[in-house]
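Student: Sharing a structure, written as structure tokens. Questions coming.
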Amino acid sequence: MEVSRRVFLKYAGALAGVTAVQGTGLLSLRHLTASEAEAMQKAMGKYEIKYTASSTCASECGLEVWIKDGVLRKIYGNTEVPMNDGAICAKEAAAQQLVYNPYRLKYPMIRVGARGENKFKRVTWSEAIDFLARKLIQIKKKYGAESIIMDAGDVTDRNPYWRLFFAFGTPHCTEHGAICDTPRRHGPKLIFGGKRVEPDLMTPQLVRQPDGSLKKEYGYKTKLIIYNGWNPFVATRIVYENRGTVGAKIENDCKIVVIDPCLSNTASQADKWLATRAGTDGDLFAAMLRYILENDNPSDPNRRYIDWGMKKYVIGWDDFMNEFKSWWQKKDPINGLSYFSLDWAADRTGLKKEDIEELAHEFGITKPAALVWGMQSPGHHYNGYCCSIIGTVLNVITGNFDAPGGAIDTELVKASKGGKAKGKQFLKRKVKRIVNGREVEGEVEHLHMDHYGGKHPAAWDDSIASYPDAFLNGVELKYGPFRGHRYPIKCYIARAGNALYTAGNPKHWIDAVTAKDANGEYKLELLVYIDTLFLETGVYADVLLPEAGPFERKALSDIYPSRPVLYNRDQVIKPLYESKTPFDIMIMLAKKLYELGDRDIRPQDFWEHYKNDDDFVNEMLAGSPGRPNVGRPLPYPQYPEGYKIIGNPESLEKGDVKIDHKKKLIIGKPVTVEWLRKNHGVANWPMSWYRYKKHDREEPNRAFPKTDSKMIEFVWDYEMGGKRMGRYSKHNKKIEESGYVPEGLREIGFKKFPRTFYWFETKWNPYTNPNYRKYARKYPFQVISGRVHHSMTATHMVPWLGEVQTEGTWRKMNDPFTYKIVDVNPGGKLPMKTIEKKFEKGQWCIGTIWINTDDASTLGIRTGDMIELENPLGNSVRGKAVVSEGIRPGVIKIGYGTGGRFTPGAGPTYGMRKKTPNHNILVDPENITPIMGFPGYADMIVRVKKL
Amino acid sequence: MKKILESPLIEDLMEERHLLYLLKYVFWTEPSLGFLESLLNVKEIPEGGQIDSGLNQMIKAVKSNTDRLDEYAEDLAIEFARLFIGPKFPPAIPYSSFYLSESKTVMTNVTIEVRKRYLKAGMAVKQLYSIPDDHVGIELEFISHLTERVIELYEIGERIDASRFFEMRNSFLNDHMVLWIPAFADKVLEHSREDFYKGAALALKNLIYTAST
């Protein structure tokens, strides 16, 4: 013994009692058996290659990842996934920083302070699930399961949560789509049963050749793309559209026109930029349609705008056109001009009449072409519905719908996924309620606050914007068997999505979730937050559940494909810390609810039905691709046309199928998780075009699109074969039966949902809506927002992405600060290193306020000045000005989600919160769009003050 | 300086393990009521260095909350979450990779090296691939387990094996733990609002210094 260590010679006596209490057993380690140790020894240091998809980013790029020692080591693009075609960007390259960031949510936690106080303690999963299940049962018993909302955040991971809560008895399971762009999708939904129209740019295509073989085809056919309020280079998740736009331009001389108040990155690369006044997208489209209708001449090759052959595939053509034309006789009170004329549109949009005429002419004459409209505009305007309806009609009548190189509704052609796994069948369960003293029986779905409520019965994607009001005032059903039933909303489960920051005005949301009743209790009794990161909504939650992060959970991906493609978003590493997958959370909570006596939850629907999460995903895949064998070339010429295709591409190709002529099904071997794992992670089915036509003659095939008539519908409430049909018909029936006009429709002076074309003005726009003209002088700026994809929530955790500036809304205009950042580490043991770095002024991107040079000059504002925007509602935000000519005078733009972050989870952006604007603070919480109850994010005016 | 395994040192280890038991528990999980009650019975330790100061600070903190021990356990649970877990950025990240890897992330090569050390001793983390292997509580458990093994083997006369485990223990302390535990403990000392954790951090830091010499 060479070193005296006698310092320890008093602890046994002192601490023996403590040791006796806590024990000496192993808490965190275990002994391995010899064979376990040997197996582990052998496995260490070896790479495994796995296929998955990104969930650090909404683009969900297909990935090939290399795993060593259970750790994600290398990330490449999956070459077989056509969305990204083997490429990844800086965001995905930064995924390791997100996954292995030490600041994730790690354990379940329960709030111990007031909501918003940010005080939590760790609990075990067992405690958290027990607490949650007891509270859910208590709420269900006291108020009914309909008092519970499960907001599953995104589509990809929603299914386990939806299944559980549908089974528990609530009809309120929703996801991000409800706050994304419902007005934008409305036209395609009415007319095709679809959602989102994109240009035919996804390459490689997999195309059936005349000799029967399949070939990957590259190259582009599109000759003209018009992007209206759509900025694929910066704001969208459709990766093939980024490269495809450039590819079509360079390889196929495709002309690109961008209509946007701002010189977006996409506009900067376009052949033409038309800087419209904000919120006039529908005006421009209406003028294009009128021009095309008035000037079409089939016998003049230079005026052959309309593909009259289309009429064969459309029902309600005349009804639509007659209603549209009836407006030409009316004078717009805002300018005294005939609706939809070029002069009218020029006055409202602020564009030159000649430019509008040229645009309409070019779109009419250039084929193939695609007219595409965006999420933020018109998707975020009160009247965006009108625009998306006209845009859809324009693509149809010009013959561009589903044409090679034309406009494809991706919702119609993507592979079906989800099936029974998502649990919608539980909505059909019978339930009873006492309504006005009488017991009434109906189905769970009849309790839906939107579909049977008095505000937005056609909110088929749900109205998350209405939730704060429901938290405060409850719900009264106006339609269906439970008409007159009143109930409160007592539980909101926010899984990802971060609604308190994103789903409208955050102040309004915070007021609603912190409001108390006369007894001093929160009106919303339970707020649960499920996520990987700790974001604003979590700050106000009662329970935090850590969800398995990117690469740690399992689902399927397909981002707006032009044909059926599905790729495995496989779990490739174990969930870190004690985070759990959505599947595990579903099973744990289901078991506990059952154990506590809830009999709506049945073992055979959950833990007896699924051995593991592969089973769950396999059930999601059971009906895939679930699309009809239609189009040109016919995807599977060996099988009957129009029959629904089910099965993996391999079995369909080999002929290993059964054909059910009665049900018109072609059933191959199912796509399964295992099949995907063995096939580069992807199922690629063949491409075809003109999927509404017979493959060999000019006739509708009556198998596509997804409307009641299986035709393209320009009418939405009609009779055919003695049946009432059309997308609005069932909602109108409800209105007729009850005599109650929904509040949304009343706002715009409608008594029912219109049978065909309709028009109404947006809110807070003094240039198109006479009700707001009085504000024009005092609040001379329209304020709009747009996404900066690499600045969005999760990516705030990766500092290097904060150094890539974008347009006028995300600029290197920081005040000096010091922060630990991950930096490249050439020559180091690891590719990255974290350093404490001082960011001098102008080195780091922050959310900024983009303003036109002339406007700024008038107000004495220079780039970098702090300015304040105040709206007529008295709400204001502050930020630094970016002065440029790349934005239309009278318009101000703020990046969506770039500023005013009030959670430390937002990284260095949190530190700049007082000098960066949160656009949503300016949103009018009362501006909820009338048809589907969507937040009117983009309708606002402000005045500007230099600070 | 090489240590030689002989009787006085074994006696030391027998004492030291009680400190290790205590600290692995304190840094692995929130203190239970029973654990706090057991600390109430600990008499003040004669001051002989920083370890004693730290322990006394802990014991004093618990004793000053004798009449509200339930609430105190809750206070400590909240503080434990705030310091080591989150949900806001925890100021004292309890993983060695955060201190020893250039990336300051978790599950780095540093973590894998720690995993290899456990494997060499025939052990693995219970939640392998999920909980990073290099959590301070797990490393302390590893050391306490090796200490146990040394004592057991020594007592049954397996001196060679005892020496092997002793070497394993010493090298883990000297090549790894001492490189980051003091920095971690300093974070706790700087940021903790509870004397209980400040005392534990002081004791931990000095235990590692002492044990690794």
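Going through the structure tokens in order, the chains are called A, B, and so on, while each chain numbers its residues from 1 and the ligands are numbered from 1 in the order shown.
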Pick out the chain B residues within 6 Å of chain A. Count only C-alpha atoms. Give them as a PDB file with C-alpha atoms, in the first residue's frame.
Tutor:
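Saved to selection.pdb:
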```pdb
ATOM      1  CA  ILE B   4      -1.172  -2.451  -4.235  1.00  0.00           C
ATOM      2  CA  ASP B  12     -10.680   1.431   2.846  1.00  0.00           C
ATOM      3  CA  GLU B  15     -15.723   2.041   3.822  1.00  0.00           C
ATOM      4  CA  GLU B  16     -15.646   3.812   0.514  1.00  0.00           C
ATOM      5  CA  HIS B  18     -20.900   3.201   1.377  1.00  0.00           C
ATOM      6  CA  SER B  38     -32.335   7.331   6.962  1.00  0.00           C
ATOM      7  CA  VAL B  42     -26.744  10.028  10.436  1.00  0.00           C
ATOM      8  CA  ALA B  77     -37.533  15.841  -6.979  1.00  0.00           C
ATOM      9  CA  ILE B  78     -38.253  19.150  -8.705  1.00  0.00           C
ATOM     10  CA  ALA B  81     -35.492  17.342 -12.713  1.00  0.00           C
ATOM     11  CA  PRO B  87     -37.782  19.893 -19.559  1.00  0.00           C
ATOM     12  CA  PHE B  89     -32.265  22.947 -20.620  1.00  0.00           C
ATOM     13  CA  GLU B 102     -16.015  17.434 -28.997  1.00  0.00           C
ATOM     14  CA  SER B 103     -19.625  17.356 -30.165  1.00  0.00           C
ATOM     15  CA  LYS B 104     -21.021  17.665 -26.617  1.00  0.00           C
ATOM     16  CA  THR B 105     -23.791  15.326 -27.642  1.00  0.00           C
ATOM     17  CA  VAL B 106     -24.725  11.957 -26.153  1.00  0.00           C
ATOM     18  CA  GLY B 122     -19.381  -8.796 -17.904  1.00  0.00           C
ATOM     19  CA  MET B 123     -21.964  -6.093 -17.488  1.00  0.00           C
ATOM     20  CA  ALA B 124     -24.250  -3.869 -19.566  1.00  0.00           C
ATOM     21  CA  VAL B 125     -26.713  -1.088 -18.994  1.00  0.00           C
ATOM     22  CA  LYS B 126     -30.205  -2.428 -18.342  1.00  0.00           C
ATOM     23  CA  TYR B 129     -29.035   1.746 -26.449  1.00  0.00           C
ATOM     24  CA  SER B 130     -31.641   3.918 -24.750  1.00  0.00           C
ATOM     25  CA  ILE B 131     -30.042   5.312 -21.620  1.00  0.00           C
ATOM     26  CA  ILE B 138     -24.372   4.332 -13.902  1.00  0.00           C
TER      27      ILE B 138
END
```
Student: Would you mind listing what lies within 9 Å of Glu47 in chain B as a PyMOL selection string, with only C-alpha atoms counted and same-chain residues fewer than 5 positions away left out?
Tutor: chain B and resi 52-53+56
Student: With a distance cut-off of 12 Å and only C-alpha atoms, select the neighbouring residues of Asp70 in chain B, excluding the residue or stretch itself and same-chain residues fewer than 2 positions from it, and output the selection as a list in words.
Tutor: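 That gives Pro31, Ser32, Leu33, Gly34, Phe35, Leu36, Glu37, Val62, Asn65, Thr66, Asp67, Arg68, Tyr72, Ala73, Glu74, Asp75, Leu76 and Ala77 of chain B.
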Student: I'd like the neighbourhood of Ile464 in chain A as a PyMOL selection string, where a residue qualifies if any of its atoms comes within 12 Å (using only C-alpha atoms), though same-chain residues fewer than 6 positions away should be ignored.
Tutor: chain A and resi 149-153+172-180+182+449-450+456+470-471+492+494+497-500+502-505+509+925+928-929+932-935
Student: Residues near Met720 in chain A, anyone? I mean within 12 Å using only C-alpha atoms, not counting same-chain ones fewer than 5 positions away, as a list in words.
Tutor: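 Surrounding residues, per the criterion: Ile315, Gly316, Asp708, Ser709, Lys710, Met711, Val715, Met725, Gly726 and Ser729 of chain A.
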Student: May I have the selected residues written with C-alpha atoms, as a PDB file, in the first residue's frame?
Tutor:
```pdb
ATOM      1  CA  ILE A 315     -70.487  17.079 -64.442  1.00  0.00           C
ATOM      2  CA  GLY A 316     -71.961  20.488 -63.743  1.00  0.00           C
ATOM      3  CA  ASP A 708     -69.512  10.519 -55.652  1.00  0.00           C
ATOM      4  CA  SER A 709     -70.020  10.301 -59.407  1.00  0.00           C
ATOM      5  CA  LYS A 710     -66.424   9.199 -60.133  1.00  0.00           C
ATOM      6  CA  MET A 711     -66.368  12.127 -62.515  1.00  0.00           C
ATOM      7  CA  VAL A 715     -71.328  20.877 -58.758  1.00  0.00           C
ATOM      8  CA  MET A 725     -74.615  13.494 -54.241  1.00  0.00           C
ATOM      9  CA  GLY A 726     -71.717  15.910 -54.135  1.00  0.00           C
ATOM     10  CA  SER A 729     -74.784  17.529 -50.123  1.00  0.00           C
TER      11      SER A 729
END
```
Student: Between CA of Glu926 in chain A and CA of Thr898 in chain A, what distance in Å does the model show, to one decimal?
Tutor: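 Taking CA of Glu926 in chain A and CA of Thr898 in chain A, their separation equals 23.3 Å.
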Student: Would you pick out the contacts of range 440-448 of chain A at 10 Å or less, using only C-alpha atoms, so that residues sharing its chain but fewer than 4 positions from it are not included, and give the list as a VMD selection string?
Tutor: chain A and resid 144 to 147 166 to 173 424 to 436 452 to 453 457 462 475 to 477 479 to 483 485 to 487
Student: Just C-alpha atoms for this one: save the residues we selected as a tab-separated table (two decimals), in the first residue's frame.
Tutor:
```
chain	number	residue	atom	x	y	z
A	144	GLY	CA	-68.60	12.25	-21.95
A	145	ALA	CA	-65.66	11.13	-24.05
A	146	GLU	CA	-66.49	13.88	-26.53
A	147	SER	CA	-64.96	16.32	-24.03
A	166	PHE	CA	-61.52	6.87	-31.33
A	167	ALA	CA	-61.88	3.59	-29.44
A	168	PHE	CA	-62.14	5.43	-26.14
A	169	GLY	CA	-65.15	7.18	-27.57
A	170	THR	CA	-64.22	10.66	-28.69
A	171	PRO	CA	-64.82	11.74	-32.28
A	172	HIS	CA	-62.18	14.46	-31.87
A	173	CYS	CA	-58.97	13.11	-33.30
A	424	LYS	CA	-62.21	5.23	-37.75
A	425	GLN	CA	-64.46	2.19	-37.47
A	426	PHE	CA	-64.93	3.04	-33.79
A	427	LEU	CA	-66.76	6.19	-34.83
A	428	LYS	CA	-69.69	3.98	-35.82
A	429	ARG	CA	-70.24	2.72	-32.29
A	430	LYS	CA	-73.63	3.44	-30.77
A	431	VAL	CA	-73.72	5.79	-27.82
A	432	LYS	CA	-76.49	7.37	-25.80
A	433	ARG	CA	-76.78	10.85	-24.40
A	434	ILE	CA	-79.46	12.70	-22.49
A	435	VAL	CA	-80.45	15.67	-24.62
A	436	ASN	CA	-83.02	18.08	-23.22
A	452	TYR	CA	-72.52	18.42	-36.01
A	453	GLY	CA	-71.76	21.74	-34.32
A	457	PRO	CA	-70.11	21.47	-40.31
A	462	ASP	CA	-61.53	19.72	-38.20
A	475	VAL	CA	-69.86	23.03	-27.58
A	476	GLU	CA	-73.49	22.85	-28.60
A	477	LEU	CA	-74.47	20.41	-31.32
A	479	TYR	CA	-77.27	18.79	-36.22
A	480	GLY	CA	-77.80	15.07	-36.17
A	481	PRO	CA	-79.34	12.85	-33.52
A	482	PHE	CA	-77.67	14.72	-30.67
A	483	ARG	CA	-78.92	18.12	-31.75
A	485	HIS	CA	-76.51	18.36	-26.74
A	486	ARG	CA	-74.11	20.65	-24.90
A	487	TYR	CA	-70.76	19.58	-23.56
```
Student: Restricting the calculation to only C-alpha atoms: of A:Phe757, A:Trp317, A:Trp685, A:Phe340, which residue gets closest to Glu294 in chain A?
Tutor: A:Phe340
Student: Quick check for you: according to DSSP on this backbone, which residues of range 718-766 of chain A are classed as alpha helix (DSSP H)? Reply as a ChimeraX atom specification.
Tutor: /A:729-738,743-747
Student: Could you check the closest approach to Phe184 in chain B for each of B:Ser97, B:Asn41, B:Gln57, B:Thr29 and tell me which residue wins, using only C-alpha atoms?
Tutor: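 The answer is B:Ser97, which sits nearest to Phe184 in chain B.
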Student: Just want the 7 Å neighbourhood of range 56-58 of chain A, counted on only C-alpha atoms, with same-chain residues fewer than 2 positions away dropped. Output as a VMD selection string.
Tutor: chain A and resid 54 60 95 237 550
